Amino acid sequence: MIENIEVRFRGLLGRFMLDAEFSVPARGITGIFGPSGCGKTSVLRCIAGLQRVPDGVCRIEGEVWQDANRFVPVHRRPIGYVFQEASLFPHLSVTRNLLFGAGKTGAGGPELAEIADLLGIAHLLDRAPRNLSGGERQRVAVGRALLSNPRLLLMDEPLSALDRATKSEILPFLEGLHETLRLPILYVSHDMAEIERLADHLVLMENGRVIASGPLADLQSDPGLPLAASSEAAVSLDARVVAHDAENGLLVLEVDGGRFITPGTAAVVGSRKRIRVGAGDISLSRQVPGPSTILNVLPARVLSSSAAGEHEVAAVLGLGLDGAGARLVARVTRKSWTDLALADSAEVFAQIKGVALRRA
Ligand SMILES: Nc1ncnc2c1ncn2[C@@H]1O[C@H](COP(=O)(O)OP(=O)(O)OP(=O)(O)O)[C@@H](O)[C@H]1O
């Protein structure tokens, strides 16, 4: 079986030229990221069959939803769609809202109790939507989409209408979906922090086109793409827990070519955790640095470098003496870069001030 989501949509939407093409694995979460108006929503609408471009191909695990000869109408596509605003039926209880889409696609889907547990809404089932908070409403909307037993979940900025506190309340539930369900999710966002936390793969868009797609960390550390040179540059790495130091409240996590120490509670050795390493949290040194409060000092090699603004350099590092391990991006001043005579393939010690645990 072809386990990919393959799309190509080319055509004018009003005066906007959409020319988007990508192929990503039909598993995990794929983030679709790009500036406002670059065509992210249009791509989701084309996949859902809500928008039709004449030159379009959409194949989900080999099943054709659109090509030159075929266009499966929207109601025949097994998708769940979650929008920015949860559009619940005001006159129906949470349970009736949840069950609204269920049964359309036949048996074999998840059970209401299972989904309610997963989304932390089991205690809300008898409520009316008007008595829910924004975050609760959005979780019900996600639950309703899941109960229709979709083959693909489309989420269009599902958190952007929520305040910061509510966002962080919902994110763990979305991470939970990722771990529990085998459902591929396409997740549109213009907030890199959400993408860093949730996505396994990334589709980067600009002006109606896909400028890159691939595993998230590969795109974050690609010197040819805008992410590595941005002021928010960071990499998200999926690390393996190798030890928990209970006395000091620290976790030791391993990625290719290095180990990180980060504050954390007990975790099963061998389990996976996502960490985020921000480019601005890395400083570089040519020799082993002396004792300091920084817990993480990792040997690495400079793989490439590019200008980041007028006075800074974005350097892509490969962990390990040979530089063959996981990639990081460091952002340093041009002055330090020159003073230390740093250059591509230089051996360095990366001192990492903060390593954030992102997916428990
Ligand atoms: N059916 C349509 N007819 C005319 N113009 C359209 C149509 N659909 C989309 N557009 C235009 O295409 C462009 C891309 O819109 P789209 O909503 O896909 O972008 P986006 O990346 O999702 O933006 P945002 O992040 O602001 O939601 C916009 O300029 C929009 O006005």
# chains A, B, ... in the order shown; residues from 1 in each chain; ligands from 1

$ residues_around --residues "Gly214 in chain A" --least-positions-apart "2" --cutoff "10 Å" --atoms "only C-alpha atoms" --output "list in words"
Phe22, Ser23, Val24, Pro25, Thr30, Asp200, His201, Leu202, Val203, Leu204, Ala212, Leu216, Ala217, Asp218, Leu219 and Gln220 of chain A

$ residues_near_ligand --ligand "ligand 1" --cutoff "7 Å" --atoms "only C-alpha atoms and all ligand atoms" --output "list in words"
Leu13, Gly14, Arg15, Phe16, Gly34, Pro35, Ser36, Gly37, Cys38, Gly39, Lys40, Thr41, Ser42, Val43, His190 and Gly208 of chain A

$ write_last_selection --atoms "N, CA and C atoms" --output "tab-separated table (two decimals), in the first residue's frame"
chain	number	residue	atom	x	y	z
A	13	LEU	N	-7.56	30.90	-7.98
A	13	LEU	CA	-8.70	31.10	-7.08
A	13	LEU	C	-8.91	32.61	-7.08
A	14	GLY	N	-9.91	33.07	-7.81
A	14	GLY	CA	-10.02	34.51	-8.01
A	14	GLY	C	-8.75	34.97	-8.72
A	15	ARG	N	-8.01	35.86	-8.05
A	15	ARG	CA	-6.75	36.32	-8.66
A	15	ARG	C	-5.53	35.65	-8.03
A	16	PHE	N	-5.80	34.71	-7.13
A	16	PHE	CA	-4.69	34.05	-6.41
A	16	PHE	C	-4.29	32.77	-7.12
A	34	GLY	N	3.10	28.84	6.93
A	34	GLY	CA	3.49	29.89	5.99
A	34	GLY	C	2.77	31.17	6.37
A	35	PRO	N	3.18	32.29	5.78
A	35	PRO	CA	2.57	33.57	6.14
A	35	PRO	C	1.10	33.65	5.74
A	36	SER	N	0.42	34.61	6.34
A	36	SER	CA	-0.99	34.82	6.06
A	36	SER	C	-1.21	35.01	4.56
A	37	GLY	N	-2.20	34.33	4.03
A	37	GLY	CA	-2.56	34.51	2.63
A	37	GLY	C	-1.71	33.69	1.66
A	38	CYS	N	-0.89	32.76	2.16
A	38	CYS	CA	-0.02	32.01	1.24
A	38	CYS	C	-0.73	30.81	0.63
A	39	GLY	N	-1.93	30.50	1.13
A	39	GLY	CA	-2.70	29.42	0.49
A	39	GLY	C	-2.91	28.17	1.34
A	40	LYS	N	-2.63	28.25	2.63
A	40	LYS	CA	-2.73	27.06	3.49
A	40	LYS	C	-4.17	26.53	3.54
A	41	THR	N	-5.10	27.46	3.83
A	41	THR	CA	-6.50	27.04	3.92
A	41	THR	C	-6.99	26.53	2.57
A	42	SER	N	-6.55	27.17	1.50
A	42	SER	CA	-6.98	26.73	0.16
A	42	SER	C	-6.56	25.28	-0.09
A	43	VAL	N	-5.35	24.92	0.36
A	43	VAL	CA	-4.90	23.54	0.17
A	43	VAL	C	-5.81	22.58	0.94
A	190	HIS	N	-0.02	29.33	11.58
A	190	HIS	CA	1.07	30.26	11.30
A	190	HIS	C	1.87	30.51	12.58
A	208	GLY	N	1.38	30.83	-2.46
A	208	GLY	CA	0.64	29.81	-3.20
A	208	GLY	C	1.45	28.58	-3.55

$ residues_around --residues "range 55-69 of chain A" --least-positions-apart "5" --cutoff "10 Å" --atoms "only C-alpha atoms" --output "PyMOL selection string"
chain A and resi 1-12+19-26+46-49+74+76-77+151-152

$ select_by_dssp --residues "range 155-293 of chain A" --states "helix (DSSP H, G or I)" --output "compact mmCIF listing (two decimals) with C-alpha atoms, in the first residue's frame"
# COMPACT_ATOMS: atom_id res chain seq x y z
CA ARG A 164 -2.39 31.63 25.39
CA ALA A 165 -3.53 29.86 28.58
CA THR A 166 -6.29 27.99 26.76
CA LYS A 167 -3.89 27.03 23.99
CA SER A 168 -1.55 25.43 26.46
CA GLU A 169 -4.49 23.65 28.05
CA ILE A 170 -5.43 22.07 24.69
CA LEU A 171 -2.00 21.24 23.30
CA PRO A 172 -1.47 18.20 25.55
CA PHE A 173 -4.76 16.74 24.28
CA LEU A 174 -3.65 17.19 20.70
CA GLU A 175 -0.36 15.52 21.56
CA GLY A 176 -2.41 12.70 23.10
CA LEU A 177 -4.30 12.21 19.83
CA HIS A 178 -1.03 11.90 18.08
CA GLU A 179 0.13 9.15 20.39
CA THR A 180 -3.14 7.24 20.70
CA MET A 192 5.72 28.02 14.80
CA ALA A 193 5.46 27.19 18.50
CA GLU A 194 2.46 24.93 17.79
CA ILE A 195 4.20 23.31 14.85
CA GLU A 196 7.36 22.71 16.90
CA ARG A 197 5.32 20.93 19.51
CA LEU A 198 2.99 18.89 17.38
CA LEU A 216 10.25 18.88 10.69
CA ALA A 217 13.82 18.89 12.04
CA ASP A 218 15.28 18.64 8.52
CA LEU A 219 13.43 21.75 7.40
CA GLN A 220 14.19 23.65 10.60
CA PRO A 226 13.86 30.86 5.91
CA LEU A 227 13.32 28.97 9.19
CA ALA A 228 17.00 28.53 10.07
CA ALA A 229 17.78 32.23 9.65
CA ALA A 279 19.07 28.85 18.14
CA GLY A 280 19.46 31.78 20.52
CA ASP A 281 20.11 29.44 23.45

$ closest_residue --among "A:Arg327, A:His91, A:Asp163, A:Ala233" --to "Gly257 in chain A" --atoms "only C-alpha atoms"
A:Arg327

$ residues_around --residues "Arg240 in chain A" --least-positions-apart "5" --cutoff "7 Å" --atoms "only C-alpha atoms" --output "list of chain:residue names"
A:Leu253, A:Glu254, A:Val255, A:Gly270, A:Ser271, A:Arg272, A:Lys273

$ write_last_selection --atoms "N, CA and C atoms" --output "tab-separated table (two decimals), in the first residue's frame"
chain	number	residue	atom	x	y	z
A	253	LEU	N	18.48	12.61	28.05
A	253	LEU	CA	17.82	12.26	26.79
A	253	LEU	C	18.87	12.13	25.70
A	254	GLU	N	18.64	11.15	24.83
A	254	GLU	CA	19.65	10.89	23.80
A	254	GLU	C	19.09	11.14	22.41
A	255	VAL	N	19.88	11.79	21.59
A	255	VAL	CA	19.58	11.90	20.16
A	255	VAL	C	20.81	11.38	19.42
A	270	GLY	N	13.76	4.58	27.76
A	270	GLY	CA	13.44	4.05	26.43
A	270	GLY	C	12.27	4.79	25.78
A	271	SER	N	11.47	5.53	26.60
A	271	SER	CA	10.35	6.26	26.00
A	271	SER	C	10.87	7.48	25.23
A	272	ARG	N	10.03	8.05	24.38
A	272	ARG	CA	10.46	9.18	23.54
A	272	ARG	C	9.89	10.47	24.09
A	273	LYS	N	10.69	11.50	24.01
A	273	LYS	CA	10.25	12.84	24.41
A	273	LYS	C	10.72	13.81	23.34

$ select_by_dssp --residues "range 98-259 of chain A" --states "strand (DSSP E or B)" --output "number ranges by chain"
A: 152-156, 185-189, 201-206, 209-215, 234-245, 250-255, 258-259

$ write_last_selection --atoms "N, CA and C atoms" --output "compact mmCIF listing (two decimals), in the first residue's frame"
# COMPACT_ATOMS: atom_id res chain seq x y z
N LEU A 152 -8.62 10.90 7.55
CA LEU A 152 -7.71 12.03 7.55
C LEU A 152 -8.36 13.15 8.34
N LEU A 153 -7.61 13.76 9.25
CA LEU A 153 -8.15 14.88 10.02
C LEU A 153 -7.49 16.16 9.53
N LEU A 154 -8.32 17.13 9.14
CA LEU A 154 -7.81 18.42 8.68
C LEU A 154 -8.07 19.44 9.78
N MET A 155 -7.04 20.12 10.23
CA MET A 155 -7.23 21.11 11.29
C MET A 155 -6.71 22.45 10.79
N ASP A 156 -7.60 23.44 10.75
CA ASP A 156 -7.21 24.74 10.20
C ASP A 156 -7.12 25.76 11.33
N ILE A 185 -2.92 13.59 10.45
CA ILE A 185 -3.50 14.92 10.66
C ILE A 185 -2.73 15.94 9.84
N LEU A 186 -3.46 16.76 9.09
CA LEU A 186 -2.84 17.92 8.44
C LEU A 186 -3.24 19.14 9.26
N TYR A 187 -2.23 19.86 9.75
CA TYR A 187 -2.46 20.88 10.76
C TYR A 187 -1.94 22.22 10.27
N VAL A 188 -2.87 23.10 9.89
CA VAL A 188 -2.48 24.42 9.39
C VAL A 188 -2.26 25.38 10.55
N SER A 189 -1.14 26.07 10.52
CA SER A 189 -0.90 27.08 11.56
C SER A 189 0.10 28.10 11.05
N HIS A 201 6.08 16.18 10.44
CA HIS A 201 6.49 16.61 9.10
C HIS A 201 6.00 18.04 8.90
N LEU A 202 6.59 18.67 7.92
CA LEU A 202 6.23 20.06 7.69
C LEU A 202 6.13 20.32 6.19
N VAL A 203 5.12 21.11 5.84
CA VAL A 203 5.00 21.63 4.48
C VAL A 203 5.11 23.14 4.62
N LEU A 204 6.11 23.71 3.97
CA LEU A 204 6.32 25.17 4.06
C LEU A 204 5.77 25.82 2.82
N MET A 205 4.91 26.82 3.01
CA MET A 205 4.30 27.49 1.85
C MET A 205 4.65 28.96 1.79
N GLU A 206 4.67 29.47 0.57
CA GLU A 206 4.91 30.90 0.33
C GLU A 206 4.21 31.25 -0.99
N ARG A 209 2.74 28.58 -3.23
CA ARG A 209 3.58 27.45 -3.61
C ARG A 209 4.13 26.75 -2.37
N VAL A 210 4.47 25.47 -2.55
CA VAL A 210 5.15 24.75 -1.48
C VAL A 210 6.64 24.92 -1.72
N ILE A 211 7.34 25.54 -0.77
CA ILE A 211 8.77 25.76 -1.01
C ILE A 211 9.60 24.60 -0.46
N ALA A 212 9.04 23.82 0.45
CA ALA A 212 9.76 22.65 0.94
C ALA A 212 8.79 21.78 1.72
N SER A 213 9.07 20.48 1.75
CA SER A 213 8.32 19.60 2.64
C SER A 213 9.24 18.47 3.07
N GLY A 214 9.02 17.98 4.28
CA GLY A 214 9.88 16.91 4.79
C GLY A 214 9.77 16.82 6.29
N PRO A 215 10.63 15.97 6.92
CA PRO A 215 10.61 15.88 8.37
C PRO A 215 10.88 17.25 9.00
N ALA A 234 14.81 27.32 15.68
CA ALA A 234 14.94 26.29 16.71
C ALA A 234 14.85 24.94 16.02
N VAL A 235 15.29 23.89 16.68
CA VAL A 235 15.00 22.55 16.16
C VAL A 235 14.22 21.77 17.20
N SER A 236 13.34 20.91 16.70
CA SER A 236 12.57 20.01 17.55
C SER A 236 13.15 18.62 17.32
N LEU A 237 13.60 17.98 18.40
CA LEU A 237 14.21 16.66 18.24
C LEU A 237 13.44 15.64 19.07
N ASP A 238 13.23 14.47 18.50
CA ASP A 238 12.60 13.40 19.26
C ASP A 238 13.70 12.57 19.88
N ALA A 239 13.76 12.64 21.22
CA ALA A 239 14.88 12.04 21.96
C ALA A 239 14.40 10.84 22.76
N ARG A 240 15.35 9.99 23.13
CA ARG A 240 15.03 8.78 23.90
C ARG A 240 15.48 9.00 25.34
N VAL A 241 14.62 8.68 26.27
CA VAL A 241 14.99 8.82 27.69
C VAL A 241 16.00 7.73 28.02
N VAL A 242 17.17 8.13 28.54
CA VAL A 242 18.16 7.11 28.95
C VAL A 242 18.30 7.02 30.46
N ALA A 243 17.93 8.05 31.19
CA ALA A 243 18.02 7.97 32.65
C ALA A 243 17.20 9.08 33.28
N HIS A 244 16.83 8.85 34.53
CA HIS A 244 16.17 9.89 35.31
C HIS A 244 16.95 10.04 36.60
N ASP A 245 17.40 11.24 36.86
CA ASP A 245 18.15 11.52 38.09
C ASP A 245 17.15 12.13 39.08
N LEU A 250 16.30 15.57 37.14
CA LEU A 250 16.80 15.76 35.76
C LEU A 250 16.55 14.52 34.91
N LEU A 251 16.32 14.76 33.65
CA LEU A 251 16.21 13.66 32.69
C LEU A 251 17.41 13.70 31.76
N VAL A 252 17.89 12.52 31.41
CA VAL A 252 18.95 12.44 30.40
C VAL A 252 18.31 11.88 29.14
N LEU A 253 18.48 12.61 28.05
CA LEU A 253 17.82 12.26 26.79
C LEU A 253 18.87 12.13 25.70
N GLU A 254 18.64 11.15 24.83
CA GLU A 254 19.65 10.89 23.80
C GLU A 254 19.09 11.14 22.41
N VAL A 255 19.88 11.79 21.59
CA VAL A 255 19.58 11.90 20.16
C VAL A 255 20.81 11.38 19.42
N GLY A 258 24.55 12.71 20.52
CA GLY A 258 24.70 13.47 21.77
C GLY A 258 23.60 13.20 22.78
N ARG A 259 23.87 13.67 23.99
CA ARG A 259 22.89 13.53 25.08
C ARG A 259 22.60 14.89 25.67

$ closest_residue --among "A:Ala86, A:Leu98, A:Leu147, A:Val268" --to "Gly135 in chain A" --atoms "only C-alpha atoms"
A:Ala86

$ closest_residue --among "A:Arg301, A:Arg144, A:Arg274, A:Arg127" --to "Ala346 in chain A" --atoms "only C-alpha atoms"
A:Arg301
